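Just below is one structure, and these are the notes that go with it.
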Amino acid sequence: MTVLIDSDTRVVVQGITGREGSFHTRAMLNYGTKILAGVTPGKGGTVVEGVPVYDNVMEAVRKHQELNTSIIFVPSRFAADAVYEAIDAGLDLIVVITEGIPVHETMRFVRYARLSGVTIIGPNCPGVISPEVSKVGIMPGHVFSKGRVGIVSRSGTLTYEIAYAMTKAGIGQSTSIGIGGDPVPGTSFIDALEMFREDEETVAVILIGEIGGDMEERAARYIIEQDYEKPVVAYIAGRTAPPGKRMGHAGAIISMGVGDATSKIKALKEAGVEVAELPSQIPELLKKVLKKAGR
Amino acid sequence: MTVLIDSDTRVVVQGITGREGSFHTRAMLNYGTKILAGVTPGKGGTVVEGVPVYDNVMEAVRKHQELNTSIIFVPSRFAADAVYEAIDAGLDLIVVITEGIPVHETMRFVRYARLSGVTIIGPNCPGVISPEVSKVGIMPGHVFSKGRVGIVSRSGTLTYEIAYAMTKAGIGQSTSIGIGGDPVPGTSFIDALEMFREDEETVAVILIGEIGGDMEERAARYIIEQDYEKPVVAYIAGRTAPPGKRMGHAGAIISMGVGDATSKIKALKEAGVEVAELPSQIPELLKKVLKKAGR
Amino acid sequence: MKLYEYEARNIFTRFGIPVPRFKTVSTPEGAREAAEEIAGRVVIKAQVLVAGRGKAGGVKLADNPDEAYGYAKQMLGSEIKGEKVNKIIVSRAVDIDRELYLSIIIDRSIGAPVILASPEGGVDIEELARTKPEKILRIVVDPIIGIRDYQARQAARFLELSEPALKKAQEIIINLYRVFDYYNCELAEINPLALTPEGGLEAIDAKVILDDNALYKYPEFSSELVRDLTYYEAEAKKMNFSYVELDGNIGILCNGAGLTMATMDSVYVLGGRPANFLDIGGGARADLVERAVSLLLQHPKTEVVFINILGGITRCDEVANGIVRALEKTGAMKKIVVRLKGTNEEEGRRILEENRMYVLEEMDEAARKAVELGGRR
Amino acid sequence: MKLYEYEARNIFTRFGIPVPRFKTVSTPEGAREAAEEIAGRVVIKAQVLVAGRGKAGGVKLADNPDEAYGYAKQMLGSEIKGEKVNKIIVSRAVDIDRELYLSIIIDRSIGAPVILASPEGGVDIEELARTKPEKILRIVVDPIIGIRDYQARQAARFLELSEPALKKAQEIIINLYRVFDYYNCELAEINPLALTPEGGLEAIDAKVILDDNALYKYPEFSSELVRDLTYYEAEAKKMNFSYVELDGNIGILCNGAGLTMATMDSVYVLGGRPANFLDIGGGARADLVERAVSLLLQHPKTEVVFINILGGITRCDEVANGIVRALEKTGAMKKIVVRLKGTNEEEGRRILEENRMYVLEEMDEAARKAVELGGRR
């Protein structure tokens, strides 16, 4: 079993005719992802990488009733609209790759999705991959390998870095979820921890956090309160970041006294989470906790 | 068993200090309804008919955690706000007595309530009564009697008329739901039919419709498609109403060729529903269908 | 409340919906001046609220200012389907390639706004819905989210347009929704929306119906609340009664729309002829009841007043007091049948009986009595 | 983007939030005139974006126009916490009975706007949150519904006011939310909101932070996008890079914020000193990479440039080409450590190796190399 995506995942790519959309459509197809349709308004009837393109999502869903997942590459000014379109078309999972969406718009569509029972990953995220099963995202597939460790991360490239280190060390992943670097993500650490909790294949979870907000602290509290059964290993980026400066991600900022790495690392350690100092230490920490847990 | 309200129903009255609010609070208390709190902004700390008044619903809920139902008497300009307050405070059932709420506002709070899993009865309705159990509404309690026939109605006084006729004929009611006379009600005929379907105590349903919209036709279609098991008897008001004129209720208008009584009566008859010509005929029709159903 | 075309056009213009240049005038001279100012051919349109003014001679094409003057003179002061023409508009005549249809309505059964779009406008939309339903696109808008660009795009595409009209149509749809939303409309309609030979779009007709319950938000229309009503309709509206004139001789006064309708129907089923429908609503106090009863007592066509009250939020004692006072003040000698039941009914019956009125208990019985007094059809 | 106080005050005024009468000036003469016009005591406030200007001498009370002139002369052109003062405001001095606090912020963990209200304003809200959390009311607003009257009423009530200030406070909260909503704010804050002896309310300070991602909606601020930035910060902003200056000598250039932070942290953990944080984001092409690398090569404090790329949406070949071109064009002789991995990595490595650059595969290894070249702390 995997989390969020599996062999039944059928994908529509919104913004398929753009540069990133078409490039990653090919990459996903090569990885084995089942992409049935693409959408770009005004480009209906064309074909991209062998995938038929429609003018709107509703039409794509009418033609391909198995569609259940969307990945969005639409530019930031039009991305919120694309999300509503995907929600209204009845899809179950929407992965929003787009960076730079105004957070007021994100708040609204995330809330709307939640009320509508739709899962949103992102925005400003690399997507989701279940190695050797499906990839709905922009991550380089070859750094991941099939296995039993779940990853949830606020960062893209840093996740590839850590997945690569794991893969080299022979530790595969069940599913890797990039929840994105925006201040308001559609799916939080806690949401992801819950998914991994219920996934029988996953035996441990890696949590890749960073400065800004208090999602890591909340995850730590959740781990304590819920008596989380699976071992968790974490890495927190930005421990040398100065306060008040936005470190690349819209969400990565220590502001109003909230969000520094020290507080997050402390909270996680108090919840029994092993926290790595360097990304390259993750594999050994994982081996340690798995051994301790008798796996 | 009853529908919507039962012996666990605990009520907060929004707009309790107004003329109607206080009058009907007393009437409901006299009927045996458990009213724990009232709300009127700025009147917190006072007492109406022995019921403590709070400034807002949240505070009332904090003080009286058993609260699960609200009845709203707030004037139309402030009523939508009162509904949101009740939804946000986590109540399960909201009965909106207020007439004259702009339909755009109603559309929004009805949608919001549905997304939030909250049931709204009304607006512009007489409320709900389960005879001898609880009354959350403005109907004169003494015309109703305990029994096994459910009533759902778009009208207030006409319902009292029919309930009175039934009571005189010795036919009691399980629950009577006044869904209200506005174009967009929080609960529809179909919603009510579904509730009665699942209620073991209810053996038959009376549907009191009127001109305007196509809720009766939809109910007829539902009865056919769902093979509705319980006998339904109907009365449709407004068969002599001229088209284009609003007959008292905001929703009672034959417009754009939709909503005349003939079409409704026809649809109901085709669904096997007995339709009365005069309200006074309801009891005999009921006896007939109940006998036929072997009850 | 239905707006006049010129009011709807003014709103459209403010919300960026293209409308042919026009002037609203109330004299033939004004029409001539307007036609001169606009230059070229103009359309003279009578400003009435009844439907079907075109076939009734309320829309004329004028080639020059003199013709405009002539048509204006004809129309102004005349009646169209019983409605007097006080104003006309003089509007630039538009070359039309194709007529489209656009509207936003409230779908009652879904409880949401719906966009209706058709590439075949200029005809009655209900007729089109019957004959060519596949030519109408319906898009449901979530009322708490509002219209989304993708929906406007989809509706515009259905109009069978190519660029740049396609983009313009999308903007018009968004703006029509803004009108619908801002003004709490029951309906905001453009029929027809003209596609010009140059690829432009113009709203040739404009129809807007506001929700009466939301009118208080728009003080600009509140003075116009009473529009082309009879004296009795206007009086009833002032007091917030629901009042509809019918053809018979039995005045019907009840509390609650359903009961009033059922009473009206019952009178008819039992052989009588209702003169009107008067619903005093819920919770009316004595003074309001007095005015309602007085209204019916004064109405020339009403021979019998049938008052049927079932008290819930309305109290029977208040009703009884109102009836007594109306009789005292008007001094009318018309026949009255009263049926009282519900909240405070004993008190109400006592008041009426003290004033020598006979109160019935059953609705059918009372209706039969009213029919008997009013005479059968 | 944080707005200057005078910008925030102008917005507040337009949205109906009461603000003491004020003028924005950039000369001492202007300050004198403004003080004369306003009459009475005025407050001179330096318009800077750094926090804590009051304690740094950026806020002065002037009894007359001459004093206003004097303070303005002192402030204008001076630096407050490193930020040059180009403008000041001259604002009517307000008598204050009590200081209150109001703000709307985005609660990241809930994903919704939150109203914060306190009867004890004028102090640092974070400090208050630590010392007297019970004195702060938090009300979550549903982002798709917006603020409701009942919420504004609840927040206003918490300010411990009596009528008519209570009603005014409710309106201010609604209007503050409208500012927050209209301008896509991360924060809209009034601290303090002054209660005057007459029972009035006035926003003494105004703080508004806009979401950079939504700035395109407000062309009035777009020309002001580059505010008090160093040359390197301004250049980076133009190209949409995330760039932060640090104290060390090793320039960090990566793709992706998390990786850049982790690289920066790793250099530090391994004993080095990062000179900056430069995230080229996802999908940068050769020309952008060239400009990013050039920026670091030109930076005087940077002795070593450490480029760490893990390609996903970014392609290693584009990065390699960009590096090569930057070196060619700047002709800089600084040391460069490159680590490439991911999409098109073979092609990227080939390009760099053809240009005699040494490419490492592991991040730790590369970081150690960079630290070695830059020297340990």
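Ordered as shown in the structure tokens, chains take letters A, B, and onward, while each chain numbers its residues from 1 and ligands are numbered from 1 in the order shown.
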
Find the residues around segment 232-236 of chain D up to 10 Å (only C-alpha atoms counted), leave out those fewer than 2 positions away in its own chain, and share them as a list in words.
Leu225, Val226, Arg227, Asp228, Leu229, Thr230, Lys238, Met239, Asn240, Phe241, Ser242, Tyr243, Val244, Glu245, Leu278, Asp279, Ile280, Arg291, Ala292, Leu295, Leu296, Gln298 and His299 of chain D

With 12 Å as the cut-off and only C-alpha atoms counted, what is the closest atom pair between each nearby residue of chain B and chain A? Distances in Å to one decimal, ordered by chain and number, as a tab-separated table.
residue	atom	partner	partner_atom	distance
B:Arg111	CA	A:Leu115	CA	10.7
B:Tyr112	CA	A:Leu115	CA	9.0
B:Ala113	CA	A:Leu115	CA	10.5
B:Arg114	CA	A:Leu115	CA	9.4
B:Leu115	CA	A:Leu115	CA	5.6
B:Ser116	CA	A:Leu115	CA	7.0
B:Gly117	CA	A:Leu115	CA	9.4

Just C-alpha atoms for this one: save the residues we selected as a short mmCIF file (atom, residue, chain, number, x, y, z; two decimals), in the first residue's frame.
data_model
loop_
_atom_site.label_atom_id
_atom_site.label_comp_id
_atom_site.auth_asym_id
_atom_site.auth_seq_id
_atom_site.Cartn_x
_atom_site.Cartn_y
_atom_site.Cartn_z
CA ARG B 111 -24.57 26.36 1.34
CA TYR B 112 -22.20 27.07 4.22
CA ALA B 113 -24.38 25.08 6.60
CA ARG B 114 -24.51 22.16 4.20
CA LEU B 115 -20.73 22.17 3.82
CA SER B 116 -20.43 22.36 7.60
CA GLY B 117 -22.86 19.49 8.17
#

Check the DSSP output for the backbone and give back, as an MDAnalysis selection string, the residues of segment 69-257 of chain A in alpha helix (DSSP H).
chainID A and resid 76:88 103:116 157:168 189:198 215:225

Secondary structure check, strand (DSSP E or B) residues of segment 92-132 of chain D, as a PyMOL selection string
chain D and resi 92+98-107+112-118

Specify as a short mmCIF file (atom, residue, chain, number, x, y, z; two decimals) with C-alpha atoms, in the first residue's frame all residues of chain C found within 10 Å of chain A, counting only C-alpha atoms.
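Ended up saving to iface_1.cif:
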data_model
loop_
_atom_site.label_atom_id
_atom_site.label_comp_id
_atom_site.auth_asym_id
_atom_site.auth_seq_id
_atom_site.Cartn_x
_atom_site.Cartn_y
_atom_site.Cartn_z
CA VAL C 140 -24.00 26.34 -11.34
CA VAL C 141 -22.05 28.90 -9.32
CA ASP C 142 -21.19 28.23 -5.70
CA ILE C 144 -20.12 31.39 -1.25
CA ILE C 145 -17.30 31.32 -3.79
CA ILE C 147 -18.21 33.06 -10.25
CA ARG C 148 -14.84 31.66 -11.26
CA ASP C 149 -12.97 32.59 -14.42
CA TYR C 150 -13.12 29.03 -15.65
CA GLN C 151 -16.90 29.14 -15.53
CA ARG C 153 -14.66 30.95 -19.99
CA GLN C 154 -16.80 27.86 -20.41
CA ARG C 157 -17.02 29.34 -25.35
#

Show which residues sit within 12 Å of Glu353 of chain D, as a list in words. Count only C-alpha atoms, and ignore same-chain residues fewer than 4 positions away.
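Residues near the query, excluding close chain neighbours: Asp317, Ala320, Asn321, Ile323, Val324, Val338, Leu340, Glu345, Glu346, Glu347, Gly348, Arg349, Met357, Tyr358, Val359 and Leu360 of chain D.
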
I need the chosen residues saved as a short mmCIF file (atom, residue, chain, number, x, y, z; two decimals), in the first residue's frame, with all heavy atoms.
data_model
loop_
_atom_site.label_atom_id
_atom_site.label_comp_id
_atom_site.auth_asym_id
_atom_site.auth_seq_id
_atom_site.Cartn_x
_atom_site.Cartn_y
_atom_site.Cartn_z
N ASP D 317 21.96 20.99 -17.02
CA ASP D 317 22.67 21.52 -18.19
C ASP D 317 22.50 23.03 -18.30
O ASP D 317 23.45 23.76 -18.63
CB ASP D 317 22.23 20.81 -19.47
CG ASP D 317 20.73 20.86 -19.67
OD1 ASP D 317 19.99 20.96 -18.66
OD2 ASP D 317 20.28 20.83 -20.82
N ALA D 320 24.76 24.57 -15.69
CA ALA D 320 26.17 24.49 -16.10
C ALA D 320 26.48 25.56 -17.13
O ALA D 320 27.49 26.28 -17.02
CB ALA D 320 26.46 23.10 -16.66
N ASN D 321 25.61 25.71 -18.10
CA ASN D 321 25.83 26.74 -19.12
C ASN D 321 25.86 28.12 -18.50
O ASN D 321 26.67 28.97 -18.89
CB ASN D 321 24.73 26.67 -20.18
CG ASN D 321 24.98 25.55 -21.18
OD1 ASN D 321 26.14 25.30 -21.55
ND2 ASN D 321 23.93 24.87 -21.61
N ILE D 323 26.73 28.94 -15.43
CA ILE D 323 27.99 29.10 -14.68
C ILE D 323 29.14 29.45 -15.63
O ILE D 323 29.91 30.40 -15.39
CB ILE D 323 28.32 27.82 -13.88
CG1 ILE D 323 27.23 27.53 -12.84
CG2 ILE D 323 29.68 27.95 -13.21
CD1 ILE D 323 27.38 26.18 -12.15
N VAL D 324 29.22 28.69 -16.70
CA VAL D 324 30.30 28.90 -17.66
C VAL D 324 30.27 30.32 -18.21
O VAL D 324 31.28 31.03 -18.24
CB VAL D 324 30.18 27.86 -18.81
CG1 VAL D 324 31.14 28.21 -19.95
CG2 VAL D 324 30.44 26.46 -18.27
N VAL D 338 31.32 23.36 -7.26
CA VAL D 338 30.01 23.02 -7.84
C VAL D 338 29.62 21.60 -7.48
O VAL D 338 30.44 20.68 -7.55
CB VAL D 338 30.01 23.16 -9.38
CG1 VAL D 338 28.61 22.89 -9.92
CG2 VAL D 338 30.49 24.52 -9.81
N LEU D 340 26.50 19.09 -8.58
CA LEU D 340 25.35 18.92 -9.47
C LEU D 340 24.76 17.53 -9.31
O LEU D 340 25.50 16.55 -9.23
CB LEU D 340 25.77 19.05 -10.93
CG LEU D 340 25.88 20.43 -11.58
CD1 LEU D 340 26.11 20.26 -13.06
CD2 LEU D 340 24.65 21.28 -11.32
N GLU D 345 21.86 15.65 -15.23
CA GLU D 345 23.11 15.89 -14.53
C GLU D 345 24.35 15.50 -15.35
O GLU D 345 25.38 16.15 -15.24
CB GLU D 345 23.12 15.19 -13.15
CG GLU D 345 23.31 13.68 -13.17
CD GLU D 345 23.34 13.09 -11.75
OE1 GLU D 345 22.27 12.95 -11.15
OE2 GLU D 345 24.44 12.78 -11.27
N GLU D 346 24.24 14.44 -16.15
CA GLU D 346 25.41 14.03 -16.96
C GLU D 346 25.80 15.14 -17.91
O GLU D 346 26.96 15.51 -18.03
CB GLU D 346 25.10 12.75 -17.75
CG GLU D 346 24.80 11.52 -16.89
CD GLU D 346 23.41 11.54 -16.29
OE1 GLU D 346 22.58 12.39 -16.74
OE2 GLU D 346 23.14 10.76 -15.37
N GLU D 347 24.78 15.68 -18.58
CA GLU D 347 25.01 16.76 -19.52
C GLU D 347 25.64 17.97 -18.81
O GLU D 347 26.59 18.57 -19.32
CB GLU D 347 23.67 17.14 -20.17
CG GLU D 347 23.68 18.30 -21.12
CD GLU D 347 24.44 18.01 -22.40
OE1 GLU D 347 24.90 16.86 -22.57
OE2 GLU D 347 24.60 18.93 -23.21
N GLY D 348 25.13 18.29 -17.65
CA GLY D 348 25.65 19.42 -16.88
C GLY D 348 27.10 19.21 -16.49
O GLY D 348 27.95 20.10 -16.64
N ARG D 349 27.38 17.99 -16.00
CA ARG D 349 28.74 17.69 -15.56
C ARG D 349 29.71 17.78 -16.75
O ARG D 349 30.79 18.35 -16.64
CB ARG D 349 28.81 16.30 -14.94
CG ARG D 349 30.13 16.04 -14.21
CD ARG D 349 30.18 14.68 -13.53
NE ARG D 349 29.12 14.51 -12.56
CZ ARG D 349 28.18 13.56 -12.63
NH1 ARG D 349 28.18 12.70 -13.63
NH2 ARG D 349 27.26 13.47 -11.71
N MET D 357 36.04 22.77 -14.96
CA MET D 357 35.58 22.94 -13.57
C MET D 357 35.45 21.58 -12.94
O MET D 357 35.11 20.60 -13.59
CB MET D 357 34.25 23.68 -13.53
CG MET D 357 34.46 25.12 -13.10
SD MET D 357 32.95 26.04 -13.24
CE MET D 357 32.86 26.24 -14.98
N TYR D 358 35.71 21.53 -11.65
CA TYR D 358 35.63 20.26 -10.95
C TYR D 358 34.26 20.14 -10.30
O TYR D 358 33.83 21.02 -9.57
CB TYR D 358 36.74 20.16 -9.90
CG TYR D 358 36.87 18.79 -9.32
CD1 TYR D 358 37.06 17.68 -10.17
CD2 TYR D 358 36.78 18.58 -7.96
CE1 TYR D 358 37.16 16.41 -9.65
CE2 TYR D 358 36.89 17.31 -7.43
CZ TYR D 358 37.07 16.23 -8.28
OH TYR D 358 37.17 14.96 -7.76
N VAL D 359 33.57 19.06 -10.60
CA VAL D 359 32.20 18.88 -10.11
C VAL D 359 32.15 17.78 -9.08
O VAL D 359 32.61 16.66 -9.34
CB VAL D 359 31.25 18.55 -11.28
CG1 VAL D 359 29.81 18.46 -10.78
CG2 VAL D 359 31.37 19.58 -12.38
N LEU D 360 31.60 18.07 -7.90
CA LEU D 360 31.49 17.05 -6.86
C LEU D 360 30.10 16.45 -6.86
O LEU D 360 29.14 17.07 -7.35
CB LEU D 360 31.79 17.68 -5.50
CG LEU D 360 33.24 18.13 -5.34
CD1 LEU D 360 33.38 19.05 -4.13
CD2 LEU D 360 34.16 16.93 -5.22
#

What separation in Å, quoted to one decimal, exists between atom CA of Leu158 of chain B and atom CA of Cys316 of chain C?
15.6 Å

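For the atom pair formed by atom CA of Gly282 of chain D and atom CA of Asp107 of chain D, the distance is 26.7 Å, given to one decimal.
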
Can you pull out the residues contacting segment 186-202 of chain D? Cut-off 7 Å, using only C-alpha atoms, and skip same-chain residues under 3 positions away; I want them as a short mmCIF file (atom, residue, chain, number, x, y, z; two decimals) with N, CA and C atoms, in the first residue's frame.
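The resulting file, out_7.cif, is shown below:
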data_model
loop_
_atom_site.label_atom_id
_atom_site.label_comp_id
_atom_site.auth_asym_id
_atom_site.auth_seq_id
_atom_site.Cartn_x
_atom_site.Cartn_y
_atom_site.Cartn_z
N PRO D 18 -10.67 55.92 11.42
CA PRO D 18 -10.27 57.27 11.83
C PRO D 18 -8.78 57.35 12.18
N VAL D 19 -8.13 58.32 11.57
CA VAL D 19 -6.69 58.54 11.75
C VAL D 19 -6.54 60.03 12.08
N PRO D 20 -5.66 60.40 13.00
CA PRO D 20 -5.48 61.84 13.28
C PRO D 20 -5.03 62.54 12.01
N ASP D 95 -5.17 63.48 22.47
CA ASP D 95 -5.28 63.16 23.91
C ASP D 95 -5.74 61.72 24.05
N ILE D 96 -5.07 61.00 24.88
CA ILE D 96 -5.36 59.56 24.97
C ILE D 96 -5.80 59.17 26.38
N ASP D 97 -6.96 58.55 26.46
CA ASP D 97 -7.45 58.03 27.74
C ASP D 97 -6.90 56.64 27.98
N ARG D 98 -6.94 55.86 26.90
CA ARG D 98 -6.50 54.48 27.03
C ARG D 98 -6.02 54.01 25.66
N GLU D 99 -5.05 53.08 25.65
CA GLU D 99 -4.54 52.56 24.38
C GLU D 99 -5.02 51.13 24.19
N LEU D 100 -5.57 50.87 22.99
CA LEU D 100 -6.11 49.55 22.68
C LEU D 100 -5.30 48.91 21.56
N TYR D 101 -5.54 47.64 21.31
CA TYR D 101 -4.83 46.95 20.24
C TYR D 101 -5.81 46.23 19.33
N LEU D 102 -5.60 46.36 18.03
CA LEU D 102 -6.41 45.63 17.05
C LEU D 102 -5.53 45.19 15.89
N SER D 103 -5.70 43.97 15.43
CA SER D 103 -5.03 43.59 14.18
C SER D 103 -5.75 42.42 13.53
N ILE D 104 -5.47 42.27 12.26
CA ILE D 104 -5.89 41.06 11.53
C ILE D 104 -4.61 40.46 10.97
N ILE D 105 -4.37 39.20 11.27
CA ILE D 105 -3.19 38.53 10.74
C ILE D 105 -3.63 37.23 10.07
N ILE D 106 -2.69 36.61 9.38
CA ILE D 106 -2.96 35.28 8.84
C ILE D 106 -2.44 34.27 9.84
N GLY D 121 -3.38 48.09 24.62
CA GLY D 121 -2.56 48.32 23.45
C GLY D 121 -1.36 49.19 23.76
N GLY D 122 -0.68 49.58 22.70
CA GLY D 122 0.46 50.46 22.86
C GLY D 122 1.72 49.74 23.26
N PRO D 164 -20.54 55.44 22.96
CA PRO D 164 -20.62 55.04 21.55
C PRO D 164 -19.33 54.43 21.01
N ALA D 165 -18.27 54.37 21.85
CA ALA D 165 -16.99 53.86 21.35
C ALA D 165 -17.12 52.40 20.91
N LEU D 176 -11.03 47.41 9.11
CA LEU D 176 -9.67 46.88 9.12
C LEU D 176 -9.64 45.56 8.35
N PHE D 180 -7.47 44.52 5.08
CA PHE D 180 -6.75 43.25 5.06
C PHE D 180 -7.11 42.44 3.83
N ASP D 205 -1.08 54.58 15.30
CA ASP D 205 -0.07 54.02 14.41
C ASP D 205 -0.77 53.08 13.44
N ALA D 206 -0.16 52.87 12.29
CA ALA D 206 -0.78 52.06 11.25
C ALA D 206 0.29 51.17 10.65
N LYS D 207 0.07 49.88 10.71
CA LYS D 207 1.06 48.96 10.17
C LYS D 207 0.37 48.01 9.20
N VAL D 208 0.88 47.96 7.98
CA VAL D 208 0.30 47.08 6.96
C VAL D 208 1.44 46.37 6.25
N ILE D 209 1.35 45.04 6.20
CA ILE D 209 2.32 44.26 5.43
C ILE D 209 1.57 43.54 4.32
N LEU D 210 1.99 43.77 3.09
CA LEU D 210 1.33 43.15 1.94
C LEU D 210 2.03 41.84 1.57
N ASP D 211 1.28 40.95 0.99
CA ASP D 211 1.84 39.70 0.48
C ASP D 211 2.54 40.01 -0.84
#

Atom-to-atom span, atom CA of Pro231 of chain A and atom CA of Ala204 of chain A, Å:
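Separation of atom CA of Pro231 of chain A and atom CA of Ala204 of chain A: 5.0 Å.
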
All residues 10 Å or closer to segment 264-277 of chain B, only C-alpha atoms, same chain fewer than 6 positions away omitted, as a PDB file with C-alpha atoms, in the first residue's frame:
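Result file result_32.pdb:
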ATOM      1  CA  ILE B 206     -48.232  14.571   4.599  1.00  0.00           C
ATOM      2  CA  LEU B 207     -46.645  16.943   2.146  1.00  0.00           C
ATOM      3  CA  ILE B 208     -48.073  20.452   2.050  1.00  0.00           C
ATOM      4  CA  GLY B 209     -46.822  22.250  -1.021  1.00  0.00           C
ATOM      5  CA  GLU B 210     -47.703  25.376  -2.869  1.00  0.00           C
ATOM      6  CA  ILE B 211     -47.074  27.125  -6.159  1.00  0.00           C
ATOM      7  CA  GLY B 212     -43.586  28.269  -7.094  1.00  0.00           C
ATOM      8  CA  GLY B 213     -40.409  26.367  -7.930  1.00  0.00           C
ATOM      9  CA  ASP B 214     -40.319  22.635  -8.595  1.00  0.00           C
ATOM     10  CA  MET B 215     -39.746  21.166  -5.164  1.00  0.00           C
ATOM     11  CA  GLU B 216     -42.991  19.201  -5.317  1.00  0.00           C
ATOM     12  CA  GLU B 217     -42.154  17.779  -8.736  1.00  0.00           C
ATOM     13  CA  ARG B 218     -38.719  16.813  -7.445  1.00  0.00           C
ATOM     14  CA  ALA B 219     -40.272  15.142  -4.431  1.00  0.00           C
ATOM     15  CA  ALA B 220     -42.585  13.210  -6.773  1.00  0.00           C
ATOM     16  CA  ARG B 221     -39.603  12.090  -8.817  1.00  0.00           C
ATOM     17  CA  TYR B 222     -37.790  11.071  -5.646  1.00  0.00           C
ATOM     18  CA  ILE B 223     -40.792   9.025  -4.485  1.00  0.00           C
ATOM     19  CA  ILE B 224     -40.834   7.162  -7.798  1.00  0.00           C
ATOM     20  CA  GLU B 225     -37.089   6.665  -8.142  1.00  0.00           C
ATOM     21  CA  ASP B 227     -39.639   3.470  -4.420  1.00  0.00           C
ATOM     22  CA  TYR B 228     -40.617   5.356  -1.296  1.00  0.00           C
ATOM     23  CA  PRO B 231     -47.682   6.416   1.888  1.00  0.00           C
ATOM     24  CA  VAL B 232     -47.699  10.129   1.122  1.00  0.00           C
ATOM     25  CA  VAL B 233     -50.712  12.427   1.078  1.00  0.00           C
ATOM     26  CA  ALA B 234     -50.403  15.930  -0.307  1.00  0.00           C
ATOM     27  CA  TYR B 235     -52.152  19.238  -0.482  1.00  0.00           C
ATOM     28  CA  ILE B 236     -51.027  21.965  -2.886  1.00  0.00           C
ATOM     29  CA  ALA B 237     -52.062  25.542  -2.204  1.00  0.00           C
ATOM     30  CA  ARG B 239     -54.321  26.316  -7.663  1.00  0.00           C
ATOM     31  CA  VAL B 258     -42.538  27.055 -13.782  1.00  0.00           C
ATOM     32  CA  PRO B 283     -57.739  13.006   7.415  1.00  0.00           C
ATOM     33  CA  GLU B 284     -59.988  10.779   5.321  1.00  0.00           C
ATOM     34  CA  LEU B 285     -57.326  10.396   2.626  1.00  0.00           C
ATOM     35  CA  LEU B 286     -54.843   9.481   5.316  1.00  0.00           C
ATOM     36  CA  LYS B 288     -57.628   5.472   3.310  1.00  0.00           C
ATOM     37  CA  VAL B 289     -53.943   5.125   2.470  1.00  0.00           C
TER      38      VAL B 289
ATOM     39  CA  ALA C 262     -55.770  27.469   0.596  1.00  0.00           C
ATOM     40  CA  ASP C 265     -58.709  27.833  -3.381  1.00  0.00           C
ATOM     41  CA  SER C 266     -61.359  26.507  -0.994  1.00  0.00           C
ATOM     42  CA  VAL C 269     -63.641  24.804  -4.997  1.00  0.00           C
TER      43      VAL C 269
END

At a cut-off of 7 Å, using only C-alpha atoms, what residues contact Ala286 of chain C? Leave out same-chain residues fewer than 3 positions from it and give the result as number ranges by chain.
C: 289-290, 318-319, 321-322

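Nearest to chain C of all the residues D:Gly58, D:Gly272, D:Pro65, D:Gly146 is D:Gly146, counting only C-alpha atoms.
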
Selection near segment 77-87 of chain D, 6 Å with only C-alpha atoms, sequence-local residues under 3 positions removed, as a ChimeraX atom specification:
/D:25-26,47
